[in-house]
$ cat protein.txt   # compact mmCIF, C-alpha atoms and all ligand atoms
# COMPACT_ATOMS: atom_id res chain seq x y z
CA MET A 1 28.16 103.17 196.97
CA ILE A 2 31.28 104.11 194.96
CA PRO A 3 33.35 101.23 193.59
CA ASN A 4 37.11 100.97 193.88
CA SER A 5 38.77 102.21 190.70
CA PHE A 6 39.20 99.74 187.86
CA GLU A 7 40.35 99.71 184.27
CA TYR A 8 37.65 99.20 181.62
CA LYS A 9 38.38 97.21 178.45
CA ARG A 10 35.94 96.35 175.68
CA ALA A 11 36.44 93.04 173.87
CA ASN A 12 35.36 92.64 170.25
CA SER A 13 35.56 88.86 170.19
CA VAL A 14 35.62 85.93 172.60
CA ASP A 15 39.30 85.29 171.79
CA GLU A 16 40.15 88.89 172.56
CA ALA A 17 38.25 88.69 175.88
CA LEU A 18 40.04 85.45 176.80
CA GLY A 19 43.38 87.11 176.04
CA MET A 20 42.55 89.94 178.48
CA LEU A 21 41.23 87.64 181.22
CA ASN A 22 43.97 87.43 183.86
CA ASP A 23 43.60 86.78 187.62
CA ASP A 24 42.67 90.38 188.47
CA ALA A 25 40.19 90.88 185.65
CA GLN A 26 36.49 90.10 185.53
CA ILE A 27 33.99 89.76 182.73
CA LEU A 28 31.27 92.42 182.51
CA GLY A 29 28.04 91.23 180.89
CA GLY A 30 24.94 93.36 181.48
CA GLY A 31 26.40 94.64 184.77
CA HIS A 32 23.15 94.21 186.67
CA SER A 33 24.66 91.93 189.30
CA LEU A 34 28.34 92.88 189.05
CA ILE A 35 27.99 96.68 189.23
CA PRO A 36 25.90 96.59 192.45
CA ALA A 37 28.53 94.23 193.93
CA LEU A 38 31.33 96.65 192.94
CA LYS A 39 29.43 99.57 194.42
CA LEU A 40 29.06 97.71 197.70
CA ARG A 41 32.78 96.81 197.44
CA LEU A 42 31.91 93.12 197.76
CA ASN A 43 34.12 92.71 194.72
CA SER A 44 36.96 94.85 193.37
CA PRO A 45 38.67 93.55 190.24
CA ASP A 46 41.50 95.62 188.69
CA THR A 47 39.97 95.33 185.22
CA LEU A 48 36.50 94.84 183.77
CA ILE A 49 36.32 93.19 180.36
CA ASP A 50 33.10 94.23 178.67
CA ILE A 51 31.75 91.46 176.43
CA SER A 52 28.36 93.06 175.85
CA ARG A 53 29.17 94.23 172.28
CA ILE A 54 30.37 90.85 170.97
CA ALA A 55 27.79 90.19 168.26
CA ALA A 56 28.36 86.42 168.20
CA LEU A 57 27.25 86.17 171.85
CA LYS A 58 23.98 87.97 171.20
CA GLU A 59 22.36 85.49 168.82
CA ILE A 60 19.57 82.95 169.29
CA ASN A 61 20.07 80.25 166.65
CA ASP A 62 17.75 77.48 165.55
CA ASN A 63 19.69 74.26 164.92
CA GLU A 64 18.10 71.04 163.77
CA LYS A 65 17.82 69.39 167.18
CA SER A 66 18.55 72.27 169.54
CA ILE A 67 18.43 76.03 170.05
CA THR A 68 21.61 77.88 170.92
CA VAL A 69 21.21 81.00 173.02
CA GLY A 70 24.34 83.18 173.13
CA ALA A 71 25.58 84.06 176.62
CA GLY A 72 25.15 87.77 175.86
CA VAL A 73 21.48 87.43 174.92
CA THR A 74 19.42 89.69 177.18
CA HIS A 75 16.36 88.66 179.13
CA ALA A 76 14.35 91.03 176.88
CA GLN A 77 15.58 89.28 173.72
CA ILE A 78 14.40 85.96 175.15
CA ALA A 79 11.05 87.45 176.22
CA ALA A 80 10.53 88.56 172.60
CA SER A 81 11.74 85.36 170.89
CA LYS A 82 9.02 83.66 168.81
CA LEU A 83 11.32 80.65 168.35
CA LEU A 84 11.66 80.13 172.10
CA ALA A 85 7.96 80.85 172.65
CA GLY A 86 7.17 77.91 170.36
CA GLU A 87 9.91 75.47 171.38
CA VAL A 88 10.60 76.29 175.07
CA PRO A 89 7.71 78.43 176.40
CA MET A 90 9.00 78.33 179.99
CA MET A 91 12.01 80.42 178.86
CA VAL A 92 9.80 83.22 177.57
CA GLN A 93 7.54 83.03 180.64
CA ALA A 94 10.58 83.30 182.97
CA ALA A 95 12.21 86.11 180.97
CA CYS A 96 9.03 88.20 181.12
CA GLU A 97 9.07 87.97 184.92
CA ILE A 98 12.69 88.98 185.55
CA GLY A 99 13.11 92.28 187.40
CA ASP A 100 11.85 95.28 185.48
CA ILE A 101 12.30 96.54 181.94
CA GLN A 102 15.76 98.06 182.64
CA VAL A 103 17.00 94.78 184.12
CA ARG A 104 15.57 92.79 181.22
CA ASN A 105 17.12 95.12 178.63
CA ALA A 106 20.64 94.94 180.09
CA GLY A 107 20.92 91.65 182.02
CA THR A 108 22.07 88.57 180.15
CA ILE A 109 21.38 84.87 180.51
CA GLY A 110 25.13 84.13 180.62
CA GLY A 111 25.73 86.72 183.34
CA SER A 112 22.85 85.35 185.35
CA ILE A 113 24.05 81.75 185.35
CA ALA A 114 27.71 82.74 185.92
CA HIS A 115 26.58 84.74 188.95
CA ALA A 116 24.39 81.83 190.17
CA ASP A 117 22.29 83.80 192.61
CA PRO A 118 20.24 81.17 194.47
CA ALA A 119 17.12 83.26 193.74
CA ALA A 120 17.77 83.78 190.02
CA ASP A 121 15.19 82.46 187.56
CA TRP A 122 17.37 80.99 184.77
CA PRO A 123 18.94 78.20 186.82
CA ALA A 124 15.56 76.50 187.44
CA VAL A 125 14.52 76.89 183.82
CA LEU A 126 17.78 75.55 182.40
CA VAL A 127 17.73 72.61 184.83
CA ALA A 128 14.21 71.72 183.65
CA ALA A 129 15.26 72.22 180.01
CA ASN A 130 18.20 69.80 180.36
CA ALA A 131 20.45 72.50 178.92
CA THR A 132 24.16 72.30 178.13
CA ILE A 133 26.45 75.17 179.08
CA VAL A 134 29.10 75.97 176.45
CA ILE A 135 32.29 77.41 177.93
CA HIS A 136 35.46 78.75 176.27
CA ASN A 137 38.92 79.09 177.77
CA ASN A 138 42.42 79.58 176.36
CA ASN A 139 42.66 75.82 175.66
CA GLY A 140 39.50 75.71 173.56
CA ARG A 141 35.95 74.82 174.43
CA ARG A 142 34.17 72.51 176.86
CA GLU A 143 30.54 71.69 177.59
CA VAL A 144 28.93 71.10 180.97
CA ASP A 145 25.54 69.46 181.58
CA VAL A 146 23.32 71.80 183.54
CA ASP A 147 22.93 69.12 186.24
CA GLN A 148 26.67 69.52 186.98
CA PHE A 149 26.86 73.29 186.49
CA PHE A 150 25.25 74.80 189.62
CA THR A 151 27.31 73.55 192.54
CA GLY A 152 26.43 75.78 195.52
CA PHE A 153 25.66 79.25 196.87
CA TYR A 154 26.85 81.56 194.02
CA GLU A 155 29.04 78.66 192.88
CA THR A 156 29.26 76.97 189.51
CA ALA A 157 31.52 74.64 187.55
CA LEU A 158 32.99 77.69 185.75
CA GLU A 159 36.72 77.92 186.36
CA GLU A 160 39.18 80.83 186.43
CA GLY A 161 39.88 82.20 182.97
CA GLU A 162 36.66 80.84 181.46
CA ILE A 163 33.80 82.54 179.66
CA ILE A 164 30.32 81.12 179.11
CA THR A 165 29.63 81.59 175.42
CA ALA A 166 26.29 79.86 174.90
CA ILE A 167 23.51 77.76 176.35
CA ARG A 168 22.20 74.88 174.24
CA ILE A 169 18.59 73.82 174.72
CA PRO A 170 17.46 70.51 173.22
CA LYS A 171 14.32 70.65 171.10
CA THR A 172 12.25 68.05 172.87
CA ALA A 173 8.55 67.31 173.31
CA ALA A 174 9.03 68.06 177.02
CA ASN A 175 10.55 71.48 176.40
CA LYS A 176 7.76 72.31 173.96
CA ASN A 177 5.30 71.52 176.76
CA SER A 178 6.93 73.53 179.53
CA ALA A 179 5.94 76.25 181.98
CA TYR A 180 7.36 78.48 184.70
CA ALA A 181 5.65 79.76 187.86
CA LYS A 182 7.25 82.09 190.34
CA PHE A 183 6.53 83.68 193.71
CA LYS A 184 8.31 87.04 193.52
CA GLN A 185 10.18 88.75 196.29
CA PRO A 186 8.04 91.90 196.28
CA ALA A 187 10.88 94.46 196.21
CA SER A 188 13.49 92.92 193.88
CA ARG A 189 11.19 90.55 191.96
CA PHE A 190 13.80 87.80 192.28
CA ALA A 191 12.27 84.36 192.84
CA LEU A 192 11.47 83.65 196.46
CA VAL A 193 10.50 80.40 194.81
CA GLY A 194 10.58 79.65 191.08
CA CYS A 195 9.48 76.37 189.49
CA ALA A 196 10.04 75.24 185.91
CA VAL A 197 8.43 72.09 184.51
CA ALA A 198 8.99 70.35 181.19
CA VAL A 199 6.71 67.37 180.61
CA ASP A 200 6.34 64.99 177.67
CA ALA A 201 2.82 63.58 177.91
CA ASN A 202 2.23 63.15 174.18
CA SER A 203 1.34 59.46 174.55
CA GLY A 204 -1.40 60.31 177.04
CA THR A 205 0.76 59.61 180.07
CA VAL A 206 3.95 61.27 181.29
CA SER A 207 6.98 59.61 179.67
CA ASN A 208 9.53 62.24 180.65
CA ALA A 209 9.35 65.07 183.16
CA ARG A 210 11.97 67.46 184.48
CA VAL A 211 11.24 69.83 187.35
CA GLY A 212 13.70 72.63 188.22
CA ILE A 213 13.44 74.69 191.39
CA THR A 214 15.17 77.95 192.35
CA GLY A 215 15.03 80.15 195.42
CA VAL A 216 14.50 77.26 197.82
CA SER A 217 17.99 75.82 198.30
CA ASP A 218 21.52 77.23 197.98
CA HIS A 219 21.39 76.42 194.27
CA ALA A 220 18.82 75.31 191.71
CA TYR A 221 18.01 71.59 191.75
CA ARG A 222 15.80 68.98 190.13
CA ALA A 223 12.81 67.78 192.17
CA THR A 224 13.43 64.18 191.20
CA SER A 225 10.81 62.77 193.57
CA VAL A 226 8.11 64.77 191.74
CA GLU A 227 9.48 63.69 188.35
CA LYS A 228 9.30 60.01 189.43
CA THR A 229 5.78 60.28 190.82
CA LEU A 230 4.51 61.93 187.66
CA ALA A 231 5.96 59.22 185.42
CA GLY A 232 3.34 56.98 183.80
CA LYS A 233 0.39 59.08 184.95
CA ALA A 234 -1.97 61.11 182.81
CA LEU A 235 -1.52 64.78 183.60
CA SER A 236 -4.65 66.04 185.34
CA ILE A 237 -5.62 68.21 188.28
CA ASP A 238 -5.96 65.02 190.37
CA SER A 239 -2.62 63.51 189.36
CA ILE A 240 -0.86 66.84 189.97
CA GLU A 241 -2.43 67.18 193.40
CA THR A 242 -1.39 63.65 194.40
CA ALA A 243 2.05 63.56 192.69
CA VAL A 244 3.36 66.79 194.11
CA GLY A 245 4.24 66.22 197.74
CA ASP A 246 7.51 67.38 199.25
CA VAL A 247 9.48 69.13 196.52
CA THR A 248 12.53 69.69 198.73
CA GLU A 249 13.46 66.03 199.36
CA GLY A 250 17.25 65.60 199.68
CA ASN A 251 17.97 69.33 199.52
CA MET A 252 18.76 71.89 202.21
CA VAL A 253 16.09 74.59 202.44
CA MET A 254 17.09 78.20 203.03
CA SER A 255 15.56 80.25 205.81
CA ASP A 256 15.91 84.03 206.04
CA HIS A 257 13.97 87.15 206.97
CA TYR A 258 11.91 86.84 203.77
CA ALA A 259 10.72 83.26 204.27
CA SER A 260 11.23 80.53 206.85
CA GLU A 261 12.28 77.00 205.85
CA LYS A 262 8.70 75.79 206.35
CA TYR A 263 7.16 78.60 204.28
CA ARG A 264 9.70 78.15 201.43
CA SER A 265 8.99 74.40 201.30
CA HIS A 266 5.26 75.10 201.22
CA LEU A 267 5.70 77.67 198.41
CA GLY A 268 7.77 75.12 196.50
CA THR A 269 4.89 72.63 196.54
CA VAL A 270 2.30 75.27 195.62
CA PHE A 271 4.35 76.65 192.71
CA VAL A 272 5.31 73.29 191.23
CA LYS A 273 1.57 72.52 191.14
CA ARG A 274 0.84 75.90 189.53
CA ALA A 275 3.50 75.39 186.88
CA LEU A 276 2.16 71.89 186.09
CA LYS A 277 -1.43 73.14 185.93
CA LYS A 278 -0.36 75.68 183.29
CA LEU A 279 0.26 72.66 181.04
CA LEU A 280 -3.31 71.36 181.26
C1 LIG B 1 16.78 95.48 190.45
C2 LIG B 1 17.18 94.13 189.95
C3 LIG B 1 16.21 93.15 189.85
C4 LIG B 1 16.55 91.89 189.39
N1 LIG B 1 15.58 90.93 189.32
C5 LIG B 1 15.91 89.70 188.90
C6 LIG B 1 14.91 88.68 188.82
O1 LIG B 1 13.72 88.88 189.06
N2 LIG B 1 15.31 87.44 188.42
C7 LIG B 1 16.62 87.17 188.09
O2 LIG B 1 16.92 86.03 187.76
N3 LIG B 1 17.55 88.12 188.14
C8 LIG B 1 17.24 89.37 188.54
N4 LIG B 1 18.20 90.33 188.57
C9 LIG B 1 19.57 90.00 188.15
C10 LIG B 1 19.73 90.29 186.66
O3 LIG B 1 18.99 89.33 185.92
C11 LIG B 1 21.19 90.25 186.23
O4 LIG B 1 21.25 90.89 185.00
C12 LIG B 1 21.84 88.91 186.07
O5 LIG B 1 21.75 88.17 187.23
C13 LIG B 1 23.34 89.06 185.76
O6 LIG B 1 23.49 89.22 184.40
P1 LIG B 1 24.39 90.36 183.83
O7 LIG B 1 24.50 90.14 182.38
O8 LIG B 1 23.90 91.66 184.31
O9 LIG B 1 25.83 89.99 184.47
P2 LIG B 1 26.94 90.90 185.18
O10 LIG B 1 26.32 91.64 186.32
O11 LIG B 1 27.68 91.69 184.16
O12 LIG B 1 27.89 89.76 185.70
C14 LIG B 1 27.52 88.91 186.79
C15 LIG B 1 28.68 87.93 187.05
O13 LIG B 1 28.81 87.02 185.95
C16 LIG B 1 30.11 87.14 185.33
N5 LIG B 1 29.82 87.01 183.90
C17 LIG B 1 28.98 87.75 183.15
N6 LIG B 1 28.87 87.23 181.91
C18 LIG B 1 29.70 86.15 181.87
C19 LIG B 1 30.04 85.18 180.86
N7 LIG B 1 29.48 85.21 179.65
N8 LIG B 1 30.92 84.21 181.18
C20 LIG B 1 31.48 84.15 182.40
N9 LIG B 1 31.21 85.02 183.40
C21 LIG B 1 30.31 86.01 183.13
C22 LIG B 1 30.65 88.49 185.76
O14 LIG B 1 32.05 88.50 185.79
C23 LIG B 1 30.06 88.61 187.17
O15 LIG B 1 30.81 87.86 188.08
C24 LIG B 1 17.89 91.60 189.02
C25 LIG B 1 18.87 92.60 189.10
C26 LIG B 1 18.52 93.85 189.55
C27 LIG B 1 19.58 94.92 189.62
$ encode --input "protein.txt" --output "structure tokens" --more "lines below"
Ligand SMILES: Cc1cc2nc3c(=O)[nH]c(=O)nc-3n(C[C@H](O)[C@H](O)[C@H](O)COP(=O)(O)OP(=O)(O)OC[C@H]3O[C@@H](n4cnc5c(N)ncnc54)[C@H](O)[C@@H]3O)c2cc1C
Amino acid sequence: MIPNSFEYKRANSVDEALGMLNDDAQILGGGHSLIPALKLRLNSPDTLIDISRIAALKEINDNEKSITVGAGVTHAQIAASKLLAGEVPMMVQAACEIGDIQVRNAGTIGGSIAHADPAADWPAVLVAANATIVIHNNNGRREVDVDQFFTGFYETALEEGEIITAIRIPKTAANKNSAYAKFKQPASRFALVGCAVAVDANSGTVSNARVGITGVSDHAYRATSVEKTLAGKALSIDSIETAVGDVTEGNMVMSDHYASEKYRSHLGTVFVKRALKKLL
């Protein structure tokens, strides 16, 4: 449980961090995924570049049509955000359920999505929120739609030499009417299954729904079959019960010593229904 030796550097700005980021260096956010990996020697970079004191990455900003959450914003900051509670309640609900108080105080949203643990909570929530991931590299800045960001088991669209700087969440009627429901792995509290739903039903029937699921497949995905079946229906216990069938359609389902493929699929259906019922 002792990591290989490494050099520690603290960056004071994103530009400074990018300047330090060579092939043998790795970004250190809250350290709550990276440090355990170093201790297990699953990873051994020569240098860690600590970005946790960069003030610009720690802000939650209200823009006219969106909310920008800095990559260095902790889970605890999100749990306590009144702005997000009003505009994107599923973010606050998810943040409150991440790990324990130590994890929430140190872990960051940017670190979580860069790590892309298949059981992490943020990927499902950001998929449902139709978020945009803002990335900086030495050539400038680029933006990736969340639907293209999570690409596989601990894999994302992030490339070498890049830093996630922010996550942009659109202010939509669907995000305002959103919820998260999670079945926790009892020891770690990661999501054995986590379901995020964002539904615009302001006209009386569902005009737009996004459903994000984590913990079930090798990466978070949208349950598009559920979204389609909900469309045009009034949201009610009955419509939820009939609309939510197989939530794994078109996706591989993981099986391990915590949950078989069949059990995970079943939990997926149960927790999508629970998340939707929170909206009633
Ligand atoms: C006991 C325990 C329980 C946990 N429970 C949960 C849970 O219930 N739900 C959940 O979702 N998570 C859980 N986690 C994970 C936790 O949320 C982590 O904090 C998070 O996954 C990683 O964020 P971090 O800021 O700590 O990143 P780090 O550990 O510092 O970094 C993780 C990876 O991301 C890279 N990275 C970090 N920031 C950036 C950036 N801005 N740009 C590019 N790359 C970056 C690092 O180089 C590294 O590869 C748990 C962790 C622990 C230890």
$ closest_residue --input "protein.txt" --among "A:His257, A:Lys228, A:Arg222, A:Arg104" --to "ligand LIG 1 (chain B)" --atoms "all atoms listed in the file"
A:Arg104
$ residues_near_ligand --input "protein.txt" --ligand "ligand LIG 1 (chain B)" --cutoff "7 Å" --atoms "all atoms listed in the file" --output "JSON, numbers by chain"
{"A": [26, 27, 28, 29, 30, 31, 32, 33, 34, 35, 71, 72, 97, 98, 99, 100, 103, 104, 106, 107, 108, 109, 110, 111, 112, 114, 115, 117, 119, 120, 121, 122, 162, 163, 164, 165, 188, 189, 190, 191]}
$ write_last_selection --input "protein.txt" --atoms "C-alpha atoms" --output "PDB file, in the coordinates of the input"
ATOM      1  CA  GLN A  26      36.490  90.100 185.530  1.00  0.00           C
ATOM      2  CA  ILE A  27      33.990  89.760 182.730  1.00  0.00           C
ATOM      3  CA  LEU A  28      31.270  92.420 182.510  1.00  0.00           C
ATOM      4  CA  GLY A  29      28.040  91.230 180.890  1.00  0.00           C
ATOM      5  CA  GLY A  30      24.940  93.360 181.480  1.00  0.00           C
ATOM      6  CA  GLY A  31      26.400  94.640 184.770  1.00  0.00           C
ATOM      7  CA  HIS A  32      23.150  94.210 186.670  1.00  0.00           C
ATOM      8  CA  SER A  33      24.660  91.930 189.300  1.00  0.00           C
ATOM      9  CA  LEU A  34      28.340  92.880 189.050  1.00  0.00           C
ATOM     10  CA  ILE A  35      27.990  96.680 189.230  1.00  0.00           C
ATOM     11  CA  ALA A  71      25.580  84.060 176.620  1.00  0.00           C
ATOM     12  CA  GLY A  72      25.150  87.770 175.860  1.00  0.00           C
ATOM     13  CA  GLU A  97       9.070  87.970 184.920  1.00  0.00           C
ATOM     14  CA  ILE A  98      12.690  88.980 185.550  1.00  0.00           C
ATOM     15  CA  GLY A  99      13.110  92.280 187.400  1.00  0.00           C
ATOM     16  CA  ASP A 100      11.850  95.280 185.480  1.00  0.00           C
ATOM     17  CA  VAL A 103      17.000  94.780 184.120  1.00  0.00           C
ATOM     18  CA  ARG A 104      15.570  92.790 181.220  1.00  0.00           C
ATOM     19  CA  ALA A 106      20.640  94.940 180.090  1.00  0.00           C
ATOM     20  CA  GLY A 107      20.920  91.650 182.020  1.00  0.00           C
ATOM     21  CA  THR A 108      22.070  88.570 180.150  1.00  0.00           C
ATOM     22  CA  ILE A 109      21.380  84.870 180.510  1.00  0.00           C
ATOM     23  CA  GLY A 110      25.130  84.130 180.620  1.00  0.00           C
ATOM     24  CA  GLY A 111      25.730  86.720 183.340  1.00  0.00           C
ATOM     25  CA  SER A 112      22.850  85.350 185.350  1.00  0.00           C
ATOM     26  CA  ALA A 114      27.710  82.740 185.920  1.00  0.00           C
ATOM     27  CA  HIS A 115      26.580  84.740 188.950  1.00  0.00           C
ATOM     28  CA  ASP A 117      22.290  83.800 192.610  1.00  0.00           C
ATOM     29  CA  ALA A 119      17.120  83.260 193.740  1.00  0.00           C
ATOM     30  CA  ALA A 120      17.770  83.780 190.020  1.00  0.00           C
ATOM     31  CA  ASP A 121      15.190  82.460 187.560  1.00  0.00           C
ATOM     32  CA  TRP A 122      17.370  80.990 184.770  1.00  0.00           C
ATOM     33  CA  GLU A 162      36.660  80.840 181.460  1.00  0.00           C
ATOM     34  CA  ILE A 163      33.800  82.540 179.660  1.00  0.00           C
ATOM     35  CA  ILE A 164      30.320  81.120 179.110  1.00  0.00           C
ATOM     36  CA  THR A 165      29.630  81.590 175.420  1.00  0.00           C
ATOM     37  CA  SER A 188      13.490  92.920 193.880  1.00  0.00           C
ATOM     38  CA  ARG A 189      11.190  90.550 191.960  1.00  0.00           C
ATOM     39  CA  PHE A 190      13.800  87.800 192.280  1.00  0.00           C
ATOM     40  CA  ALA A 191      12.270  84.360 192.840  1.00  0.00           C
TER      41      ALA A 191
END
$ atom_distance --input "protein.txt" --atom1 "atom CA of A:Arg41" --atom2 "atom CA of A:Glu155"
19.1 Å
$ residues_near_point --input "protein.txt" --point "(11.0, 75.8, 202.7)" --cutoff "10 Å" --atoms "all atoms listed in the file" --output "list in words"
Val193, Gly215, Val216, Ser217, Asp246, Val247, Thr248, Met252, Val253, Met254, Ser255, Ala259, Ser260, Glu261, Lys262, Tyr263, Arg264, Ser265, His266, Leu267, Gly268 and Thr269 of chain A
$ atom_distance --input "protein.txt" --atom1 "atom CA of A:Ile54" --atom2 "atom CA of A:Ile67"
19.1 Å
$ closest_residue --input "protein.txt" --among "A:Asp15, A:Gly161, A:Leu38, A:Asp24" --to "A:Ile2" --atoms "only C-alpha atoms"
A:Leu38
$ atom_distance --input "protein.txt" --atom1 "atom CA of A:Ala17" --atom2 "atom CA of A:Ile49"
6.6 Å
$ residues_around --input "protein.txt" --residues "A:Thr224" --least-positions-apart "3" --cutoff "12 Å" --atoms "all atoms listed in the file" --output "JSON, numbers by chain"
{"A": [127, 128, 147, 197, 208, 209, 210, 211, 212, 213, 221, 227, 228, 229, 230, 231, 243, 244, 245, 246, 247, 248, 249, 250, 251]}
$ closest_residue --input "protein.txt" --among "A:Ala157, A:Ala275, A:Cys96, A:Ile167" --to "A:Asn61" --atoms "all atoms listed in the file"
A:Ile167
$ closest_residue --input "protein.txt" --among "A:Ala220, A:Val206, A:Ile237, A:Leu192" --to "A:Gln148" --atoms "all atoms listed in the file"
A:Ala220
$ decode --input "protein.txt" --residues "stretch 37-75 of chain A" --atoms "C-alpha atoms" --output "PDB file, in the first residue's frame"
ATOM      1  CA  ALA A  37      -4.601   3.502  -7.477  1.00  0.00           C
ATOM      2  CA  LEU A  38      -1.058   4.746  -6.730  1.00  0.00           C
ATOM      3  CA  LYS A  39      -1.015   2.876  -3.438  1.00  0.00           C
ATOM      4  CA  LEU A  40      -2.002  -0.330  -5.208  1.00  0.00           C
ATOM      5  CA  ARG A  41       0.666   0.474  -7.840  1.00  0.00           C
ATOM      6  CA  LEU A  42      -1.958   0.224 -10.574  1.00  0.00           C
ATOM      7  CA  ASN A  43      -0.568   3.559 -11.713  1.00  0.00           C
ATOM      8  CA  SER A  44       2.844   5.172 -11.179  1.00  0.00           C
ATOM      9  CA  PRO A  45       3.335   8.566 -12.811  1.00  0.00           C
ATOM     10  CA  ASP A  46       6.674  10.370 -12.310  1.00  0.00           C
ATOM     11  CA  THR A  47       4.910  13.614 -11.385  1.00  0.00           C
ATOM     12  CA  LEU A  48       1.580  14.607  -9.875  1.00  0.00           C
ATOM     13  CA  ILE A  49       0.264  18.039 -10.800  1.00  0.00           C
ATOM     14  CA  ASP A  50      -2.082  19.221  -8.084  1.00  0.00           C
ATOM     15  CA  ILE A  51      -4.872  21.400  -9.511  1.00  0.00           C
ATOM     16  CA  SER A  52      -6.976  21.432  -6.348  1.00  0.00           C
ATOM     17  CA  ARG A  53      -5.998  25.014  -5.366  1.00  0.00           C
ATOM     18  CA  ILE A  54      -6.857  26.639  -8.714  1.00  0.00           C
ATOM     19  CA  ALA A  55      -9.630  29.013  -7.657  1.00  0.00           C
ATOM     20  CA  ALA A  56     -11.114  29.331 -11.157  1.00  0.00           C
ATOM     21  CA  LEU A  57     -11.853  25.585 -11.212  1.00  0.00           C
ATOM     22  CA  LYS A  58     -13.756  25.700  -7.944  1.00  0.00           C
ATOM     23  CA  GLU A  59     -16.635  27.954  -8.964  1.00  0.00           C
ATOM     24  CA  ILE A  60     -20.281  27.247  -9.762  1.00  0.00           C
ATOM     25  CA  ASN A  61     -21.500  30.053 -12.024  1.00  0.00           C
ATOM     26  CA  ASP A  62     -25.006  30.971 -13.087  1.00  0.00           C
ATOM     27  CA  ASN A  63     -25.085  32.017 -16.748  1.00  0.00           C
ATOM     28  CA  GLU A  64     -28.213  33.101 -18.550  1.00  0.00           C
ATOM     29  CA  LYS A  65     -28.999  29.771 -20.200  1.00  0.00           C
ATOM     30  CA  SER A  66     -26.675  27.393 -18.382  1.00  0.00           C
ATOM     31  CA  ILE A  67     -24.779  26.681 -15.176  1.00  0.00           C
ATOM     32  CA  THR A  68     -21.035  26.162 -15.310  1.00  0.00           C
ATOM     33  CA  VAL A  69     -19.566  23.872 -12.685  1.00  0.00           C
ATOM     34  CA  GLY A  70     -15.765  24.071 -12.426  1.00  0.00           C
ATOM     35  CA  ALA A  71     -13.943  20.747 -12.699  1.00  0.00           C
ATOM     36  CA  GLY A  72     -12.448  21.251  -9.238  1.00  0.00           C
ATOM     37  CA  VAL A  73     -15.824  21.704  -7.548  1.00  0.00           C
ATOM     38  CA  THR A  74     -16.203  19.080  -4.826  1.00  0.00           C
ATOM     39  CA  HIS A  75     -19.159  16.782  -4.364  1.00  0.00           C
TER      40      HIS A  75
END
